[in-house]
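Data block for model.txt (compact mmCIF, C-alpha atoms):
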```
# COMPACT_ATOMS: atom_id res chain seq x y z
CA MET B 1 17.01 1.75 15.03
CA LYS B 2 19.49 -0.93 14.03
CA LEU B 3 18.07 -3.42 11.57
CA ASP B 4 20.22 -6.52 11.88
CA SER B 5 20.18 -9.40 9.41
CA ASP B 6 17.47 -11.24 11.34
CA ILE B 7 15.10 -8.27 11.19
CA LYS B 8 15.80 -7.72 7.50
CA ASP B 9 15.19 -11.42 6.87
CA ARG B 10 11.83 -11.21 8.65
CA LEU B 11 10.90 -8.04 6.77
CA ILE B 12 11.58 -9.73 3.44
CA GLY B 13 9.67 -12.87 4.40
CA THR B 14 6.72 -10.97 5.81
CA MET B 15 6.37 -8.68 2.78
CA ALA B 16 6.58 -11.62 0.40
CA GLU B 17 3.98 -13.57 2.38
CA ALA B 18 1.62 -10.57 2.48
CA ILE B 19 1.71 -10.34 -1.30
CA ALA B 20 1.51 -14.08 -1.91
CA SER B 21 -1.45 -14.58 0.41
CA HIS B 22 -3.38 -11.74 -1.24
CA ALA B 23 -2.34 -12.31 -4.86
CA THR B 24 -5.80 -13.49 -5.92
CA GLU B 25 -7.45 -10.50 -4.28
CA LEU B 26 -5.02 -8.10 -5.97
CA THR B 27 -5.72 -9.72 -9.32
CA ASP B 28 -9.47 -9.44 -8.77
CA LEU B 29 -9.15 -5.75 -7.91
CA ASP B 30 -7.05 -5.20 -11.02
CA ARG B 31 -9.44 -7.18 -13.19
CA ALA B 32 -12.18 -4.71 -12.29
CA ILE B 33 -10.29 -1.59 -13.45
CA GLY B 34 -7.01 -2.70 -15.05
CA ASP B 35 -5.23 -5.52 -16.83
CA GLY B 36 -6.04 -8.17 -14.23
CA ASP B 37 -2.42 -9.09 -13.55
CA HIS B 38 -1.38 -7.02 -10.52
CA GLY B 39 -1.52 -9.96 -8.11
CA SER B 40 0.48 -12.34 -10.29
CA ASN B 41 2.98 -9.63 -11.18
CA MET B 42 3.56 -8.60 -7.57
CA LYS B 43 3.88 -12.21 -6.47
CA ARG B 44 6.46 -12.88 -9.17
CA GLY B 45 8.46 -9.87 -8.03
CA PHE B 46 8.44 -10.79 -4.37
CA ASP B 47 9.15 -14.44 -5.18
CA ALA B 48 12.38 -13.17 -6.79
CA VAL B 49 13.11 -11.12 -3.69
CA LEU B 50 12.44 -14.15 -1.50
CA ALA B 51 14.81 -16.28 -3.58
CA ASP B 52 17.60 -13.80 -2.77
CA ARG B 53 16.55 -13.49 0.87
CA ALA B 54 19.81 -14.53 2.52
CA ASN B 55 21.93 -12.24 0.37
CA LEU B 56 19.57 -9.31 0.87
CA ALA B 57 19.40 -9.77 4.64
CA ALA B 58 23.18 -9.88 4.95
CA ARG B 59 23.71 -6.53 3.22
CA ALA B 60 23.75 -3.08 4.79
CA LEU B 61 20.24 -1.60 4.79
CA PRO B 62 20.79 0.83 1.88
CA ASP B 63 22.13 -1.98 -0.30
CA THR B 64 19.31 -4.29 0.78
CA LEU B 65 16.72 -1.79 -0.36
CA LYS B 66 18.43 -0.88 -3.62
CA THR B 67 18.94 -4.53 -4.58
CA LEU B 68 15.37 -5.40 -3.61
CA GLY B 69 14.17 -2.57 -5.83
CA THR B 70 16.29 -3.86 -8.69
CA HIS B 71 14.70 -7.31 -8.35
CA LEU B 72 11.24 -5.75 -8.55
CA VAL B 73 12.07 -3.68 -11.63
CA MET B 74 13.38 -6.78 -13.38
CA THR B 75 10.57 -9.16 -12.49
CA ILE B 76 7.29 -7.26 -12.00
CA GLY B 77 5.53 -6.58 -15.26
CA GLY B 78 3.53 -3.54 -16.30
CA ALA B 79 3.82 -0.19 -14.56
CA SER B 80 4.16 -1.63 -11.07
CA GLY B 81 7.74 -2.86 -11.56
CA PRO B 82 9.27 0.55 -12.32
CA LEU B 83 7.12 2.21 -9.66
CA TYR B 84 7.85 -0.17 -6.80
CA GLY B 85 11.44 -0.47 -7.97
CA THR B 86 11.82 3.30 -7.87
CA LEU B 87 10.31 3.44 -4.39
CA PHE B 88 12.71 0.90 -2.89
CA MET B 89 15.79 2.05 -4.79
CA ALA B 90 15.21 5.70 -3.89
CA LEU B 91 14.65 4.71 -0.27
CA GLY B 92 17.92 2.79 -0.30
CA LYS B 93 19.73 5.76 -1.79
CA GLU B 94 18.49 8.13 0.91
CA ILE B 95 18.47 6.08 4.11
CA PRO B 96 21.53 5.50 6.32
CA ALA B 97 22.57 2.04 7.48
CA ASP B 98 21.28 2.60 11.03
CA PRO B 99 18.44 5.12 10.68
CA ASN B 100 16.55 6.86 13.42
CA LEU B 101 12.94 7.87 12.85
CA THR B 102 13.92 11.30 11.53
CA ASP B 103 16.23 9.62 9.01
CA ALA B 104 13.49 7.19 8.02
CA ALA B 105 10.90 9.95 7.60
CA ARG B 106 13.24 12.04 5.44
CA ALA B 107 14.25 9.06 3.30
CA PHE B 108 10.68 7.90 2.81
CA ALA B 109 9.58 11.39 1.82
CA ALA B 110 12.39 11.51 -0.75
CA ALA B 111 11.36 8.09 -2.09
CA ILE B 112 7.76 9.29 -2.46
CA ASN B 113 8.97 12.31 -4.42
CA ALA B 114 10.98 10.01 -6.69
CA LEU B 115 7.89 7.85 -7.17
CA LYS B 116 5.80 10.90 -8.07
CA ALA B 117 8.37 11.94 -10.65
CA ARG B 118 8.62 8.43 -12.11
CA GLY B 119 4.87 8.00 -12.43
CA LYS B 120 4.11 11.65 -13.23
CA SER B 121 1.39 11.39 -10.60
CA THR B 122 0.33 12.78 -7.26
CA ILE B 123 -2.13 12.04 -4.48
CA GLY B 124 -5.81 12.00 -5.43
CA GLU B 125 -5.41 10.17 -8.74
CA LYS B 126 -6.37 6.67 -7.50
CA THR B 127 -2.87 5.19 -7.27
CA MET B 128 -0.50 3.72 -4.71
CA LEU B 129 0.42 7.29 -3.76
CA ASP B 130 -2.95 7.64 -2.05
CA VAL B 131 -1.65 5.16 0.53
CA LEU B 132 2.03 6.01 0.57
CA GLN B 133 1.77 9.80 0.86
CA PRO B 134 -0.44 9.73 3.98
CA VAL B 135 1.91 7.17 5.52
CA ALA B 136 4.88 9.44 4.75
CA ASP B 137 3.04 12.37 6.35
CA ALA B 138 2.20 10.33 9.45
CA LEU B 139 5.80 9.15 9.73
CA GLN B 140 7.05 12.75 9.47
CA ALA B 141 4.58 13.90 12.13
CA GLY B 142 5.38 10.96 14.40
CA ALA B 143 9.17 11.13 14.27
CA SER B 144 9.23 13.19 17.46
CA ASN B 145 6.44 11.21 19.15
CA PRO B 146 6.90 7.51 18.46
CA SER B 147 4.48 6.11 21.03
CA GLY B 148 1.81 4.26 19.10
CA LEU B 149 3.32 5.31 15.79
CA GLY B 150 2.93 1.88 14.25
CA ASP B 151 -0.82 2.01 14.75
CA ARG B 152 -0.98 5.52 13.30
CA LEU B 153 0.96 4.47 10.22
CA LYS B 154 -1.32 1.50 9.63
CA ALA B 155 -4.39 3.69 10.13
CA ALA B 156 -3.03 6.17 7.58
CA ALA B 157 -2.50 3.33 5.11
CA ASP B 158 -6.01 1.98 5.72
CA ALA B 159 -7.64 5.39 5.29
CA GLY B 160 -5.59 6.06 2.18
CA LEU B 161 -6.68 2.79 0.63
CA GLU B 162 -10.35 3.44 1.33
CA SER B 163 -10.03 6.95 -0.09
CA THR B 164 -9.39 5.43 -3.53
CA ARG B 165 -12.84 3.83 -3.70
CA PRO B 166 -14.82 6.99 -4.60
CA MET B 167 -12.05 8.41 -6.82
CA LYS B 168 -12.13 8.52 -10.60
CA ALA B 169 -8.85 7.17 -11.93
CA THR B 170 -6.79 9.61 -13.95
CA LYS B 171 -3.62 7.56 -14.34
CA GLY B 172 -2.82 4.19 -15.85
CA ARG B 173 -5.12 1.67 -17.46
CA ALA B 174 -7.89 2.45 -14.99
CA SER B 175 -8.11 6.00 -16.36
CA PHE B 176 -9.56 4.57 -19.60
CA LEU B 177 -12.69 3.62 -17.66
CA GLY B 178 -13.43 7.17 -16.59
CA GLU B 179 -16.47 7.28 -14.31
CA ARG B 180 -16.67 3.48 -14.28
CA SER B 181 -13.51 3.36 -12.17
CA ILE B 182 -15.44 4.97 -9.31
CA GLY B 183 -16.49 2.53 -6.59
CA HIS B 184 -13.44 0.26 -6.86
CA LEU B 185 -10.36 0.13 -4.65
CA ASP B 186 -7.11 0.73 -6.50
CA PRO B 187 -5.04 -2.49 -6.64
CA GLY B 188 -1.72 -0.65 -6.32
CA ALA B 189 -3.01 1.16 -3.26
CA ARG B 190 -4.04 -2.21 -1.79
CA SER B 191 -0.63 -3.79 -2.39
CA SER B 192 1.01 -0.73 -0.83
CA GLN B 193 -1.26 -0.99 2.21
CA LEU B 194 -0.41 -4.69 2.56
CA LEU B 195 3.32 -3.91 2.49
CA ILE B 196 2.97 -1.12 5.05
CA HIS B 197 1.13 -3.48 7.40
CA ALA B 198 3.77 -6.16 6.86
CA VAL B 199 6.65 -3.81 7.64
CA ILE B 200 4.97 -2.36 10.73
CA GLY B 201 4.12 -5.85 11.93
CA VAL B 202 7.85 -6.64 12.07
CA LEU B 203 9.11 -3.27 13.28
CA ALA B 204 6.46 -2.72 15.98
CA GLY B 205 8.67 -4.55 18.48
CA GLN B 206 11.64 -2.28 17.85
CA PRO B 207 12.51 0.53 20.28
CA ALA B 208 11.85 3.26 17.69
CA LEU B 209 8.23 2.14 17.46
CA GLU B 210 7.78 1.36 21.14
CA GLY B 211 4.14 1.43 22.08
CA ALA B 212 2.93 0.15 18.72
CA ARG B 213 1.21 -3.22 18.59
CA SER B 214 2.21 -5.98 16.20
CA SER B 215 -0.36 -6.86 13.55
```

Would you kindly transcribe this structure into structure tokens?
Amino acid sequence: MKLDSDIKDRLIGTMAEAIASHATELTDLDRAIGDGDHGSNMKRGFDAVLADRANLAARALPDTLKTLGTHLVMTIGGASGPLYGTLFMALGKEIPADPNLTDAARAFAAAINALKARGKSTIGEKTMLDVLQPVADALQAGASNPSGLGDRLKAAADAGLESTRPMKATKGRASFLGERSIGHLDPGARSSQLLIHAVIGVLAGQPALEGARSS
């Protein structure tokens, strides 16, 4: 799958819009179990990415991802900056310029492992990993059967997000609430789900995801 500058430009714009249009919701989710700044922090980070949109879109895909990650590290406050920055930078380090689905699945799995190491966390702890790990698993399973893969990836993200509601947080600020964190969606999982939907919405028309519907 060749991601030309137009596709990269649309990916950047769509991700930034997904975060901006849900910033208040993300802040409300974070206010319930965290510092109450996830929405504003994420918007600030993706505003910085959007400001560098032309430069990012013109780069080779690995450089696009690594530079995007650097912007997020530098501009998103709290824990989310290093975590999202690690995700994108590790993905850029692992992915080739013109990846096929097998390449993408391998690179995304490596990025998830880097994220786990950075956050000293794993699935089941009410974090963004509860969305990203199931998506990585679905991508790995679907690499040899791409028909409808976009829908399966979005479904994995949706189910992963909902799985955080009954969890007790054991990482981050939410862990201080103990049992009181149960019953709330994790804000980082929600922002991850939004980004997965945004990416699939752009890539669904590409040959590698043939059969998937745009969102």

Two-atom distance - atom CA of Ala57 of chain B, atom CA of Ala143 of chain B (Å) = 25.2 Å

For Tyr84 of chain B, work out the shell of residues within 8 Å, counting only C-alpha atoms and skipping chain neighbours fewer than 2 positions away, then give it as a list in words.
-> Gly69, Leu72, Val73, Ser80, Gly81, Pro82, Thr86, Leu87 and Phe88 of chain B

Keeping C-alpha atoms, export the residues of the selection given above as a short mmCIF file (atom, residue, chain, number, x, y, z; two decimals), in the frame of the given file.
```cif
data_model
loop_
_atom_site.label_atom_id
_atom_site.label_comp_id
_atom_site.auth_asym_id
_atom_site.auth_seq_id
_atom_site.Cartn_x
_atom_site.Cartn_y
_atom_site.Cartn_z
CA GLY B 69 14.17 -2.57 -5.83
CA LEU B 72 11.24 -5.75 -8.55
CA VAL B 73 12.07 -3.68 -11.63
CA SER B 80 4.16 -1.63 -11.07
CA GLY B 81 7.74 -2.86 -11.56
CA PRO B 82 9.27 0.55 -12.32
CA THR B 86 11.82 3.30 -7.87
CA LEU B 87 10.31 3.44 -4.39
CA PHE B 88 12.71 0.90 -2.89
#
```

Rounded to one decimal place, report the atom CA of Leu203 of chain B-atom CA of Ala105 of chain B distance in Å.
->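 One can read the atom CA of Leu203 of chain B to atom CA of Ala105 of chain B distance as 14.5 Å.
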
How far is it from atom CA of Gly188 of chain B to atom CA of Ile7 of chain B, in Å with one decimal?
-> 25.4 Å

Protein/DNA/RNA residues near (6.8, 5.8, -11.7), cut 8 Å, all atoms listed in the file, as a PDB file with C-alpha atoms, keeping the file's coordinate frame:
```pdb
ATOM      1  CA  ALA B  79       3.820  -0.190 -14.560  1.00  0.00           C
ATOM      2  CA  SER B  80       4.160  -1.630 -11.070  1.00  0.00           C
ATOM      3  CA  PRO B  82       9.270   0.550 -12.320  1.00  0.00           C
ATOM      4  CA  LEU B  83       7.120   2.210  -9.660  1.00  0.00           C
ATOM      5  CA  TYR B  84       7.850  -0.170  -6.800  1.00  0.00           C
ATOM      6  CA  THR B  86      11.820   3.300  -7.870  1.00  0.00           C
ATOM      7  CA  ALA B 114      10.980  10.010  -6.690  1.00  0.00           C
ATOM      8  CA  LEU B 115       7.890   7.850  -7.170  1.00  0.00           C
ATOM      9  CA  LYS B 116       5.800  10.900  -8.070  1.00  0.00           C
ATOM     10  CA  ALA B 117       8.370  11.940 -10.650  1.00  0.00           C
ATOM     11  CA  ARG B 118       8.620   8.430 -12.110  1.00  0.00           C
ATOM     12  CA  GLY B 119       4.870   8.000 -12.430  1.00  0.00           C
ATOM     13  CA  LYS B 120       4.110  11.650 -13.230  1.00  0.00           C
ATOM     14  CA  SER B 121       1.390  11.390 -10.600  1.00  0.00           C
TER      15      SER B 121
END
```

Identify, on the basis of all atoms listed in the file, every residue whose closest approach to Ala48 of chain B does not exceed 9 Å; exclude the query and any residue fewer than 3 positions from it along the same chain; express the result as number ranges by chain.
-> B: 43-45, 51-53, 68, 71-72, 75

For each of B:Gly172, B:Pro166, B:Gly201, B:Pro187, take the minimum atom-to-atom distance to Lys154 of chain B, counting all atoms listed in the file, then give the residue where this is smallest.
-> B:Gly201

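Distances to Ala18 of chain B were evaluated for B:Ala54, B:Gly142, B:Arg59, B:Asp47 using all atoms listed in the file, and the minimum falls at B:Asp47.
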
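Using all atoms listed in the file, the nearest neighbour of Ala97 of chain B within the list B:Asp63, B:Asp130, B:Asp137, B:Asp30 is B:Asp63.
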
Residue among B:Thr127, B:Asn100, B:Gln140, B:Ser191 lying closest to Ala169 of chain B, counting only C-alpha atoms =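 For Ala169 of chain B, the nearest of the given residues is B:Thr127.
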
As a PDB file with C-alpha atoms, in the frame of the given file, please: the residues near Ala60 of chain B (cut-off 12 Å, all atoms listed in the file, same-chain neighbours under 6 positions excluded).
```pdb
ATOM      1  CA  LYS B   2      19.490  -0.930  14.030  1.00  0.00           C
ATOM      2  CA  LEU B   3      18.070  -3.420  11.570  1.00  0.00           C
ATOM      3  CA  ASP B   4      20.220  -6.520  11.880  1.00  0.00           C
ATOM      4  CA  SER B   5      20.180  -9.400   9.410  1.00  0.00           C
ATOM      5  CA  ILE B   7      15.100  -8.270  11.190  1.00  0.00           C
ATOM      6  CA  LYS B   8      15.800  -7.720   7.500  1.00  0.00           C
ATOM      7  CA  LYS B  66      18.430  -0.880  -3.620  1.00  0.00           C
ATOM      8  CA  THR B  67      18.940  -4.530  -4.580  1.00  0.00           C
ATOM      9  CA  GLY B  92      17.920   2.790  -0.300  1.00  0.00           C
ATOM     10  CA  LYS B  93      19.730   5.760  -1.790  1.00  0.00           C
ATOM     11  CA  ILE B  95      18.470   6.080   4.110  1.00  0.00           C
ATOM     12  CA  PRO B  96      21.530   5.500   6.320  1.00  0.00           C
ATOM     13  CA  ALA B  97      22.570   2.040   7.480  1.00  0.00           C
ATOM     14  CA  ASP B  98      21.280   2.600  11.030  1.00  0.00           C
ATOM     15  CA  PRO B  99      18.440   5.120  10.680  1.00  0.00           C
TER      16      PRO B  99
END
```

Which one is closest to Val135 of chain B: B:Ala104, B:Ser147, B:Ala23, B:Ile196? Count all atoms listed in the file.
->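 With all atoms listed in the file as the atom set, the closest residue is B:Ile196.
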